[in-house]
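A.B. asks: This is the content of final-v5.txt (compact mmCIF, C-alpha atoms):
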```txt
# COMPACT_ATOMS: atom_id res chain seq x y z
CA MET A 523 86.83 81.04 168.91
CA LYS A 524 86.33 83.99 171.08
CA ASP A 525 83.73 86.33 172.36
CA ASN A 526 80.85 88.17 170.90
CA SER A 527 81.95 91.76 171.01
CA ASN A 528 80.75 93.79 168.10
CA ILE A 529 83.06 94.82 165.38
CA SER A 530 82.24 98.02 163.52
CA GLN A 531 81.86 98.08 159.78
CA GLU A 532 84.99 100.18 159.52
CA LEU A 533 87.06 97.72 161.51
CA PHE A 534 85.58 94.77 159.65
CA GLU A 535 86.60 96.28 156.34
CA ALA A 536 90.08 96.91 157.64
CA ILE A 537 90.35 93.27 158.72
CA GLU A 538 89.10 92.23 155.32
CA ARG A 539 91.73 94.36 153.60
CA TYR A 540 94.37 92.83 155.84
CA ILE A 541 93.33 89.27 155.03
CA ASN A 542 93.09 89.96 151.31
CA GLY A 543 96.49 91.61 151.35
CA THR A 544 95.17 94.86 149.91
CA MET A 545 96.24 97.08 152.81
CA GLU A 546 98.47 100.07 152.19
CA ALA A 547 101.89 99.99 153.82
CA SER A 548 101.21 102.60 156.51
CA GLU A 549 97.92 101.07 157.55
CA LEU A 550 99.48 97.62 157.51
CA LYS A 551 102.16 98.73 159.94
CA ASP A 552 99.61 100.07 162.43
CA PHE A 553 97.53 96.97 162.00
CA ASN A 554 100.46 94.67 162.71
CA ASP A 555 101.38 96.66 165.78
CA TYR A 556 97.86 96.36 167.03
CA LEU A 557 97.90 92.61 166.43
CA LYS A 558 101.02 92.29 168.54
CA ILE A 559 99.55 94.15 171.50
CA ASP A 560 96.06 92.74 171.54
CA SER A 561 95.84 88.96 171.49
CA GLU A 562 92.07 89.04 171.62
CA PHE A 563 92.01 91.09 168.47
CA LYS A 564 94.39 88.62 166.88
CA THR A 565 91.97 85.81 167.62
CA GLN A 566 89.15 87.79 166.06
CA VAL A 567 91.18 88.27 162.89
CA GLU A 568 91.94 84.54 162.80
CA ASP A 569 88.22 83.83 163.18
CA TYR A 570 87.48 86.02 160.18
CA LYS A 571 90.11 84.20 158.15
CA THR A 572 88.46 80.91 158.96
CA ILE A 573 85.02 82.28 158.14
CA PHE A 574 86.18 83.59 154.76
CA GLN A 575 87.67 80.22 153.97
CA GLY A 576 84.49 78.52 155.16
CA ILE A 577 82.37 80.65 152.83
CA GLU A 578 84.54 79.81 149.84
CA GLU A 579 84.86 76.13 150.60
CA GLN A 580 81.16 75.66 151.29
CA SER A 581 80.28 77.54 148.10
CA LEU A 582 82.63 75.31 146.14
CA LYS A 583 81.16 72.20 147.73
CA GLU A 584 77.67 73.28 146.70
CA GLN A 585 78.85 74.09 143.21
CA LEU A 586 80.50 70.68 142.87
CA ASN A 587 77.16 69.08 143.60
CA THR A 588 75.54 70.98 140.75
CA PHE A 589 78.39 69.91 138.46
CA HIS A 590 77.88 66.36 139.59
CA ALA A 591 74.16 66.42 138.96
CA GLU A 592 74.98 67.15 135.34
CA ILE A 593 77.35 64.21 135.07
CA SER A 594 74.89 61.66 136.36
CA LYS A 595 71.85 62.80 134.41
CA PRO A 596 72.82 64.89 131.40
CA GLU A 597 69.34 64.85 129.95
CA THR A 598 67.08 66.83 132.20
CA LYS A 599 64.39 68.28 130.07
CA ASN A 600 61.10 69.23 131.49
CA PRO A 601 60.90 72.73 130.10
CA LYS A 602 57.37 72.42 128.87
CA PHE A 603 56.04 71.64 132.31
CA LYS A 604 57.83 74.60 133.81
CA LYS A 605 56.46 76.96 131.25
CA VAL A 606 52.92 75.76 131.72
CA HIS A 607 52.87 77.52 135.09
CA TYR A 608 52.95 80.84 133.33
CA LEU A 609 50.10 80.15 130.97
CA PHE A 610 46.43 80.49 131.49
CA PHE A 611 44.26 77.50 131.05
CA SER A 612 42.62 78.83 127.92
CA LYS A 613 46.00 79.24 126.34
CA ILE A 614 46.85 75.67 127.22
CA ALA A 615 43.65 74.54 125.60
CA ALA A 616 44.43 76.53 122.48
CA ALA A 617 47.96 75.16 122.40
CA ALA A 618 46.68 71.65 122.86
CA ALA A 619 44.30 72.10 119.95
CA ILE A 620 47.12 73.29 117.73
CA ILE A 621 49.36 70.45 118.80
CA ILE A 622 46.62 67.92 118.12
CA ALA A 623 45.94 69.50 114.73
CA MET A 624 49.61 69.48 113.79
CA GLY A 625 50.05 66.02 115.20
CA SER A 626 47.27 64.67 113.07
CA ILE A 627 48.76 66.30 109.97
CA TRP A 628 52.04 64.54 110.73
CA PHE A 629 50.25 61.35 111.47
CA PHE A 630 48.43 61.23 108.17
CA SER A 631 51.06 62.69 105.92
CA GLY A 632 54.57 61.92 106.92
CA SER A 633 55.48 59.03 109.13
CA PRO A 634 58.21 57.72 106.77
CA ASN A 635 59.66 61.21 106.79
CA GLN A 636 59.73 61.19 110.58
CA LYS A 637 61.90 58.11 110.32
CA ILE A 638 64.28 59.89 108.00
CA TYR A 639 64.47 62.72 110.46
CA ALA A 640 65.13 60.42 113.38
CA ASN A 641 67.83 58.61 111.43
CA TYR A 642 69.69 61.69 110.34
CA PHE A 643 69.29 64.27 113.07
CA LYS A 644 72.33 64.45 115.34
CA PRO A 645 73.09 67.68 117.18
CA ASP A 646 76.20 69.51 116.06
CA PRO A 647 79.12 68.36 118.27
CA GLY A 648 79.72 71.97 119.28
CA LEU A 649 82.84 74.09 119.54
CA ALA A 650 85.89 73.35 121.66
CA THR A 651 85.67 75.25 124.90
CA THR A 652 89.06 76.73 125.63
CA MET A 653 90.08 78.59 128.71
CA SER A 654 91.71 81.36 126.75
CA SER A 655 88.47 82.76 125.42
CA THR A 656 87.58 84.71 128.49
CA ASP A 657 86.08 87.48 126.38
CA ASN A 658 83.46 84.98 125.29
CA PHE A 659 82.87 83.62 128.75
CA GLU A 660 79.09 83.47 128.47
CA PHE A 661 79.11 81.91 125.03
CA TYR A 662 81.44 79.10 126.03
CA ASP A 663 79.76 78.62 129.35
CA ALA A 664 76.57 77.88 127.44
CA MET A 665 78.57 75.67 125.07
CA VAL A 666 79.63 73.48 127.99
CA HIS A 667 75.98 72.99 128.91
CA TYR A 668 75.14 72.28 125.28
CA LYS A 669 77.79 69.57 125.10
CA HIS A 670 76.36 67.98 128.19
CA LYS A 671 73.00 67.91 126.44
CA ASN A 672 71.61 70.44 128.85
CA TYR A 673 69.90 72.24 126.00
CA ASP A 674 67.46 74.30 128.03
CA LEU A 675 70.19 75.95 130.00
CA SER A 676 72.36 76.62 126.97
CA ILE A 677 69.37 78.07 125.11
CA LYS A 678 68.62 80.31 128.05
CA LYS A 679 72.17 81.61 128.19
CA TRP A 680 72.60 82.03 124.47
CA SER A 681 69.26 83.80 124.20
CA ILE A 682 70.49 86.47 126.57
CA LEU A 683 73.56 86.98 124.36
CA SER A 684 71.43 86.92 121.26
CA GLN A 685 69.36 89.83 122.52
CA LYS A 686 72.50 91.92 122.65
CA ASN A 687 73.78 90.65 119.37
CA PRO A 688 70.86 89.44 117.26
CA SER A 689 72.76 89.01 114.00
CA ASN A 690 75.60 86.82 115.25
CA ASP A 691 75.66 83.84 112.85
CA THR A 692 77.35 81.38 115.15
CA LEU A 693 75.03 82.21 118.00
CA ASN A 694 71.92 81.86 115.84
CA TYR A 695 73.21 78.61 114.41
CA PHE A 696 73.75 76.98 117.80
CA LEU A 697 70.49 78.35 119.16
CA GLY A 698 68.75 76.72 116.18
CA VAL A 699 70.46 73.37 116.64
CA ALA A 700 69.86 73.41 120.38
CA HIS A 701 66.15 74.05 119.82
CA MET A 702 66.08 71.16 117.35
CA ALA A 703 67.79 68.90 119.84
CA ASN A 704 65.02 69.92 122.20
CA LYS A 705 62.51 68.90 119.51
CA ASN A 706 61.29 72.44 119.21
CA MET A 707 61.18 73.05 115.44
CA ASP A 708 59.03 76.18 115.65
CA LYS A 709 61.78 77.97 117.46
CA ALA A 710 64.66 76.32 115.65
CA ILE A 711 63.61 77.30 112.14
CA PRO A 712 63.63 81.11 112.57
CA TYR A 713 67.13 81.00 114.06
CA LEU A 714 68.46 78.78 111.31
CA GLU A 715 66.84 80.89 108.61
CA LYS A 716 68.39 83.97 110.11
CA THR A 717 71.75 82.23 110.04
CA THR A 718 71.49 81.40 106.36
CA LYS A 719 70.16 84.81 105.34
CA ASN A 720 72.51 87.18 107.12
CA THR A 721 75.53 85.18 106.47
CA ASN A 722 78.66 85.96 104.53
CA PRO A 723 79.92 83.18 102.23
CA GLU A 724 82.88 82.53 104.52
CA PHE A 725 80.70 81.45 107.42
CA PRO A 726 81.95 77.95 108.34
CA PHE A 727 78.55 76.60 109.37
CA LEU A 728 76.62 77.72 106.31
CA LYS A 729 76.26 74.24 104.80
CA ASP A 730 75.46 72.78 108.18
CA ALA A 731 72.85 75.44 108.78
CA TYR A 732 71.12 74.59 105.46
CA TYR A 733 71.36 70.93 106.35
CA TYR A 734 69.70 71.33 109.74
CA LEU A 735 67.10 73.63 108.24
CA GLY A 736 66.27 70.92 105.71
CA LEU A 737 65.94 68.36 108.48
CA ALA A 738 63.75 70.67 110.52
CA TYR A 739 61.37 71.02 107.58
CA ILE A 740 61.27 67.24 107.16
CA LYS A 741 60.23 67.04 110.77
CA GLU A 742 57.61 69.71 110.13
CA GLY A 743 56.35 67.82 107.10
CA ASN A 744 57.17 70.53 104.57
CA ILE A 745 58.95 68.38 102.00
CA ASN A 746 59.33 71.11 99.37
CA LEU A 747 61.19 73.46 101.66
CA ALA A 748 63.17 70.54 103.05
CA LYS A 749 64.37 69.66 99.56
CA LYS A 750 65.21 73.26 98.78
CA TYR A 751 67.45 73.65 101.82
CA LEU A 752 69.03 70.24 101.55
CA THR A 753 69.96 71.06 97.97
CA LEU A 754 71.53 74.31 99.13
CA SER A 755 73.47 72.40 101.75
CA ASP A 756 75.08 70.39 98.93
CA THR A 757 76.66 67.66 101.04
CA ASP A 758 76.66 63.92 100.34
CA VAL A 759 74.42 63.18 103.29
CA ALA A 760 71.98 65.83 102.15
CA LYS A 761 71.84 64.24 98.67
CA THR A 762 71.21 60.82 100.19
CA ILE A 763 68.34 62.22 102.22
CA ILE A 764 66.82 63.95 99.19
CA SER A 765 66.83 60.66 97.31
CA LYS A 766 64.85 59.06 100.11
CA LEU A 767 62.17 61.75 100.26
CA PRO A 768 58.90 61.21 98.37
CA ASN A 769 58.44 63.21 95.15
CA MET B 326 96.60 71.57 122.15
CA GLU B 327 100.00 72.57 120.79
CA HIS B 328 102.88 71.47 122.90
CA ALA B 329 104.42 74.89 123.16
CA ASN B 330 101.21 76.27 124.59
CA ALA B 331 100.62 73.44 126.99
CA HIS B 332 102.45 75.00 129.88
CA GLU B 333 100.81 78.31 129.34
CA HIS B 334 97.49 76.56 129.29
CA GLN B 335 98.13 75.02 132.70
CA ASP B 336 99.05 78.42 134.07
CA GLN B 337 95.83 79.87 132.74
CA LEU B 338 93.94 77.03 134.32
CA ILE B 339 95.67 77.61 137.64
CA ASN B 340 94.71 81.27 137.52
CA ALA B 341 91.16 80.41 136.56
CA ILE B 342 90.92 78.04 139.53
CA LYS B 343 92.21 80.72 141.86
CA CYS B 344 89.42 83.03 140.65
CA ASN B 345 86.84 80.24 141.05
CA ASN B 346 86.04 80.54 137.34
CA ALA B 347 82.97 78.35 136.95
CA ILE B 348 83.82 77.12 133.45
CA ALA B 349 87.33 76.08 134.41
CA LEU B 350 86.20 74.36 137.59
CA LYS B 351 83.45 72.56 135.78
CA GLU B 352 85.66 71.36 132.92
CA LEU B 353 88.24 70.11 135.37
CA TYR B 354 85.60 68.45 137.52
CA VAL B 355 83.61 66.83 134.74
CA SER B 356 86.57 65.65 132.67
CA ASN B 357 88.39 63.94 135.53
CA TYR B 358 85.50 62.24 137.26
CA PRO B 359 85.19 59.14 135.01
CA LYS B 360 88.75 57.99 135.72
CA ILE B 361 88.24 58.20 139.46
CA GLU B 362 84.85 56.57 139.32
CA ALA B 363 86.39 53.68 137.36
CA LEU B 364 89.15 53.36 139.93
CA VAL B 365 86.76 53.27 142.87
CA LEU B 366 84.32 50.89 141.20
CA LYS B 367 87.16 48.53 140.33
CA ASN B 368 88.23 48.53 143.98
CA ASN B 369 85.02 47.54 145.69
CA GLY B 370 83.50 50.98 145.96
CA SER B 371 80.10 52.34 144.94
CA THR B 372 79.34 55.38 142.77
CA ASP B 373 78.46 57.27 145.95
CA ASP B 374 81.89 56.45 147.38
CA ALA B 375 83.40 57.67 144.14
CA LYS B 376 81.53 60.96 144.33
CA ASP B 377 82.51 61.58 147.96
CA ILE B 378 86.16 60.73 147.49
CA TYR B 379 86.35 62.72 144.28
CA GLN B 380 84.83 65.84 145.80
CA GLU B 381 87.15 65.60 148.78
CA ALA B 382 90.10 65.30 146.45
CA PHE B 383 88.86 68.16 144.30
CA ILE B 384 88.52 70.48 147.29
CA ALA B 385 92.02 69.47 148.43
CA LEU B 386 93.38 70.29 144.99
CA TRP B 387 91.57 73.62 144.97
CA ASN B 388 92.99 74.51 148.38
CA ASN B 389 96.51 73.60 147.35
CA VAL B 390 96.25 75.59 144.14
CA LYS B 391 94.93 78.59 146.04
CA ASN B 392 97.72 78.46 148.59
CA ASP B 393 100.36 77.96 145.89
CA ALA B 394 101.20 74.58 147.39
CA PHE B 395 101.07 73.08 143.94
CA THR B 396 102.82 74.19 140.77
CA PRO B 397 102.18 72.34 137.52
CA THR B 398 105.21 70.85 135.82
CA ASN B 399 103.67 69.53 132.61
CA GLU B 400 100.52 69.83 130.58
CA SER B 401 98.51 67.20 132.40
CA ALA B 402 99.86 67.95 135.87
CA LEU B 403 96.55 69.06 137.36
CA ASP B 404 94.71 65.99 136.10
CA GLY B 405 97.45 63.73 137.40
CA TYR B 406 97.54 65.46 140.75
CA LEU B 407 93.80 65.20 141.18
CA TYR B 408 93.90 61.52 140.31
CA THR B 409 96.72 60.88 142.76
CA ILE B 410 94.97 62.60 145.64
CA ALA B 411 91.74 60.73 144.98
CA LYS B 412 93.58 57.45 144.59
CA ASN B 413 95.49 57.91 147.83
CA LYS B 414 92.33 58.80 149.67
CA TRP B 415 90.50 55.79 148.34
CA MET B 416 93.38 53.38 148.80
CA ASP B 417 93.67 54.53 152.36
CA ILE B 418 90.06 53.61 152.99
CA VAL B 419 90.49 50.25 151.34
CA ARG B 420 93.70 49.45 153.14
CA SER B 421 92.72 50.76 156.53
CA LYS B 422 90.85 47.56 157.17
CA GLN B 423 93.46 45.02 156.12
CA PHE B 424 96.88 46.08 155.03
CA LYS B 425 97.81 49.06 157.08
CA LYS B 426 100.90 47.49 158.64
CA THR B 427 102.30 45.77 155.56
CA GLN B 428 102.16 48.63 153.11
CA THR B 429 105.31 49.39 151.16
CA LEU B 430 106.50 52.94 151.39
CA THR B 431 106.08 54.34 147.93
CA PRO B 432 106.82 58.03 147.43
CA GLU B 433 103.10 58.61 147.11
CA ARG B 434 102.50 56.89 150.37
CA MET B 435 105.25 58.88 152.06
CA ALA B 436 103.73 62.09 150.90
CA PHE B 437 100.40 60.92 152.16
CA LEU B 438 101.69 60.01 155.61
CA LYS B 439 103.39 63.36 155.84
CA LYS B 440 100.12 65.04 155.08
CA GLU B 441 98.43 62.93 157.74
CA GLU B 442 100.79 64.30 160.37
CA ASN B 443 99.94 67.80 159.31
CA ASN B 444 96.31 66.90 159.55
CA ASP B 445 96.69 66.00 163.22
CA PHE B 446 98.40 69.26 163.80
CA ASN B 447 95.56 71.10 162.09
CA GLU B 448 92.80 69.22 163.82
CA ILE B 449 91.51 72.19 165.82
CA GLU B 450 91.79 74.45 162.81
CA ASN B 451 89.70 71.96 160.83
CA LYS B 452 87.00 71.87 163.45
CA LYS B 453 86.70 75.62 163.28
CA LEU B 454 86.54 75.53 159.52
CA ASN B 455 83.83 72.89 159.56
CA LYS B 456 81.86 75.00 161.96
CA ALA B 457 82.16 78.00 159.68
CA MET B 458 81.10 75.92 156.67
CA GLU B 459 78.13 74.48 158.49
CA ALA B 460 77.00 77.93 159.63
CA PHE B 461 77.36 79.32 156.13
CA LYS B 462 75.46 76.38 154.69
CA ASN B 463 72.50 77.22 156.91
CA LEU B 464 72.67 80.99 156.57
CA GLY B 465 69.49 82.66 155.27
CA GLN B 466 69.26 82.84 151.50
CA PRO B 467 69.67 86.59 150.80
CA CYS B 468 72.82 86.79 152.92
CA LYS B 469 74.17 83.53 151.60
CA GLN B 470 73.62 84.68 148.04
CA LEU B 471 75.31 88.01 148.61
CA LEU B 472 78.34 86.53 150.35
CA THR B 473 78.71 83.81 147.72
CA THR B 474 78.62 86.33 144.91
CA PHE B 475 81.20 88.50 146.56
CA TYR B 476 83.61 86.04 148.17
CA PHE B 477 83.30 83.04 145.86
CA ASP B 478 82.27 84.39 142.46
CA LYS B 479 84.50 87.39 143.18
CA LYS B 480 82.14 89.90 141.68
CA SER B 481 82.85 93.50 142.49
CA LEU B 482 80.60 95.43 144.87
CA ARG B 483 79.80 97.71 141.99
CA ASP B 484 78.49 94.91 139.79
CA ILE B 485 76.52 93.43 142.65
CA ALA B 486 75.04 96.84 143.39
CA ILE B 487 73.94 97.18 139.76
CA GLU B 488 72.36 93.73 139.78
CA LEU B 489 70.42 94.47 142.94
CA SER B 490 69.64 98.04 141.83
CA LEU B 491 71.11 99.41 145.03
CA ASP B 492 73.91 101.85 145.60
CA GLU B 493 77.33 100.56 146.45
CA ALA B 494 77.34 101.83 150.02
CA SER B 495 74.19 99.91 150.92
CA VAL B 496 75.59 96.72 149.45
CA ARG B 497 78.73 97.21 151.47
CA ASN B 498 76.69 97.69 154.58
CA LYS B 499 74.56 94.68 153.76
CA LYS B 500 77.65 92.56 153.29
CA TYR B 501 78.98 93.73 156.66
CA ARG B 502 75.73 92.91 158.40
CA CYS B 503 75.59 89.48 156.78
CA MET B 504 79.14 88.78 157.88
CA GLU B 505 78.26 89.78 161.45
CA LYS B 506 75.26 87.48 161.35
CA LEU B 507 77.38 84.63 160.11
CA ARG B 508 80.14 85.35 162.59
CA ASN B 509 77.72 85.35 165.49
CA GLN B 510 76.33 82.02 164.38
CA VAL B 511 79.80 80.53 164.05
CA LEU B 512 80.76 81.76 167.51
CA ASP B 513 77.49 80.75 169.13
CA ILE B 514 77.76 77.17 167.97
CA LYS B 515 80.59 76.62 170.33
CA THR B 516 79.75 76.86 174.02
CA PRO B 517 82.47 78.67 175.98
CA ASN B 518 84.27 75.74 177.57
CA SER B 519 83.65 72.60 175.52
CA GLU B 520 86.31 71.58 173.05
CA ARG B 521 84.23 68.65 171.79
```
Could you render the structure from this file as structure tokens?
C.D. replies:
Amino acid sequence: MKDNSNISQELFEAIERYINGTMEASELKDFNDYLKIDSEFKTQVEDYKTIFQGIEEQSLKEQLNTFHAEISKPETKNPKFKKVHYLFFSKIAAAAAIIIAMGSIWFFSGSPNQKIYANYFKPDPGLATTMSSTDNFEFYDAMVHYKHKNYDLSIKKWSILSQKNPSNDTLNYFLGVAHMANKNMDKAIPYLEKTTKNTNPEFPFLKDAYYYLGLAYIKEGNINLAKKYLTLSDTDVAKTIISKLPN
Amino acid sequence: MEHANAHEHQDQLINAIKCNNAIALKELYVSNYPKIEALVLKNNGSTDDAKDIYQEAFIALWNNVKNDAFTPTNESALDGYLYTIAKNKWMDIVRSKQFKKTQTLTPERMAFLKKEENNDFNEIENKKLNKAMEAFKNLGQPCKQLLTTFYFDKKSLRDIAIELSLDEASVRNKKYRCMEKLRNQVLDIKTPNSER
């Protein structure tokens, strides 16, 4: 590769247009003439071509490594530790007290119910991610992460969409299930409730939403609400679960 | 997938790869890896070998798609092609030790040898490319980020400008200065008269 002489921004952008093939015919003609006369310039253009390719190939290489990281360890969940950085100590103490209080309620009231929850909770398998849905790029991008059990990332991405579109049933449903998969019932329940309330009767996930809501309440130890929602879900599995719950 | 749409689907995928669409690349990458890992593990390789060979093959596929050197002929053409490249690469490593002289000339093998010749021809070109990649890898973060967003993610200057809350002209200028920085580093790596 040759020499260090500076290339102006204007010339650089012309070279870029040339390499990308976006040059207009008249400019292209001049450019080609120039290339023929000046071999040093030709080398410089070749160097730029190589550098552009290098940028793309290196970027791809780095992206492949992030893809690969998700293959080898699909379950990376340390969200709680990350969030702790943003909290003050007093808040941590308060949170800890609440967790201990809730934990002891669970401990004394519902350990058989926890077993029911553990036996029956499986995250929704998710929607097929097709290439054609480019208009829903962000939604399906998050869906890919969800399917790889990378729930934090999918929650993050869906939450952004949800801010724009807070009453989207499908979005709320998957946000709810993803939070449940992350064992975060407090956050899951509002999303699932929103799904069941706003919804039209055609909504394909309505029964599933009631079902997950019921499970979430089992996990939370609220057996009455759990029964209510499981009944609304009206599936065979839901009936089986109801029969196992204490009266 | 319906059969009638299969071909169309491959075309869409090809276009998505050309645009470096992250979802498409990821689906392709994630869905094909297990087969290649199984192949390498079955043939005395480790999971690290599998990863290296697979990524090499994936980049080769990406390059060929970008340069229109590959056109899909059926609905699983890309998957098959990726597998074949990875397999050839791995088999070559395995055989290089023992069987090099006694190999039968399968069509695959022929294609591979042909490519090898081209590789010799492109040796100098490759060295330059590696230099460019290495320099870009080590470029400072703000520049690297900007150039990746523009040249790899293919975002428009306008969108980048909005994200950075700058006006378009400053982003353009920034991009130019980053490119100059990168170019100088690429050129400086090589001392004037050593061909290494």
A.B. asks: Here is a test: counting only C-alpha atoms, which residue of B:Trp415, B:Met458, B:Ala349, B:Lys391 is nearest to B:Asp377?
C.D. replies: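 Residue with the minimum atom-to-atom distance to B:Asp377: B:Trp415.
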A.B. asks: Skipping near chain neighbours, those fewer than 6 positions away, what residues fall within 10 Å of A:Asn769 using only C-alpha atoms, listed as number ranges by chain?
C.D. replies: A: 745-746, 749
A.B. asks: Hey, list the chain A side of the contact with chain B: 9 Å cut-off, all atoms listed in the file, answer as a CSV table (one decimal) with C-alpha atoms, in the frame of the given file.
C.D. replies:
```
chain,number,residue,atom,x,y,z
A,523,MET,CA,86.8,81.0,168.9
A,524,LYS,CA,86.3,84.0,171.1
A,525,ASP,CA,83.7,86.3,172.4
A,526,ASN,CA,80.8,88.2,170.9
A,528,ASN,CA,80.8,93.8,168.1
A,529,ILE,CA,83.1,94.8,165.4
A,530,SER,CA,82.2,98.0,163.5
A,531,GLN,CA,81.9,98.1,159.8
A,534,PHE,CA,85.6,94.8,159.6
A,535,GLU,CA,86.6,96.3,156.3
A,569,ASP,CA,88.2,83.8,163.2
A,570,TYR,CA,87.5,86.0,160.2
A,572,THR,CA,88.5,80.9,159.0
A,573,ILE,CA,85.0,82.3,158.1
A,574,PHE,CA,86.2,83.6,154.8
A,575,GLN,CA,87.7,80.2,154.0
A,576,GLY,CA,84.5,78.5,155.2
A,577,ILE,CA,82.4,80.6,152.8
A,578,GLU,CA,84.5,79.8,149.8
A,579,GLU,CA,84.9,76.1,150.6
A,580,GLN,CA,81.2,75.7,151.3
A,581,SER,CA,80.3,77.5,148.1
A,582,LEU,CA,82.6,75.3,146.1
A,583,LYS,CA,81.2,72.2,147.7
A,584,GLU,CA,77.7,73.3,146.7
A,585,GLN,CA,78.8,74.1,143.2
A,586,LEU,CA,80.5,70.7,142.9
A,587,ASN,CA,77.2,69.1,143.6
A,589,PHE,CA,78.4,69.9,138.5
A,590,HIS,CA,77.9,66.4,139.6
A,592,GLU,CA,75.0,67.2,135.3
A,593,ILE,CA,77.4,64.2,135.1
A,651,THR,CA,85.7,75.2,124.9
A,652,THR,CA,89.1,76.7,125.6
A,653,MET,CA,90.1,78.6,128.7
A,654,SER,CA,91.7,81.4,126.8
A,659,PHE,CA,82.9,83.6,128.8
A,662,TYR,CA,81.4,79.1,126.0
A,663,ASP,CA,79.8,78.6,129.4
A,666,VAL,CA,79.6,73.5,128.0
```
A.B. asks: Rounded to one decimal in Å, what is the spacing between atom CA of B:Glu493 and atom CA of A:Ile541?
C.D. replies: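 Atom CA of B:Glu493 sits 21.4 Å away from atom CA of A:Ile541.
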A.B. asks: Go ahead and compute the interatomic distance for atom CA of B:Asp484 and atom CA of A:Asp674, in Å to one decimal.
C.D. replies: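 Atom CA of B:Asp484 sits 26.2 Å away from atom CA of A:Asp674.
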A.B. asks: Within 9 Å of A:Leu557, counting all atoms listed in the file, which residues qualify if same-chain residues fewer than 6 places away don't, as a PyMOL selection string?
C.D. replies: chain A and resi 563-564+567
A.B. asks: Could you please determine the separation between atom CA of B:Val365 and atom CA of B:Val419 in Å, to one decimal place?
C.D. replies: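 Atom CA of B:Val419 lies at a distance of 9.7 Å from atom CA of B:Val365.
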A.B. asks: Skip A:Phe727 itself and residues of its chain fewer than 6 positions away, then list as JSON, numbers by chain all residues within 12 Å of it, counting all atoms listed in the file.
C.D. replies: {"A": [646, 648, 649, 691, 692, 693, 694, 695, 696, 698, 699, 714, 717, 718, 721, 733, 734, 735, 755]}
A.B. asks: Could you put an axis-aligned box around every listed atom of stretch 340-343 of chain B, padded by 4 Å on each side, and send me its centre and edge lengths in Å to one decimal, as lines of an AutoDock Vina configuration file?
C.D. replies:
```
center_x = 92.8
center_y = 79.7
center_z = 139.2
size_x = 11.8
size_y = 11.2
size_z = 13.3
```
A.B. asks: Find, counting all atoms listed in the file, the residue in B:Ala411, B:Ala385, B:Ser490, B:Asp393 that gets nearest to B:Glu362.
C.D. replies: B:Ala411
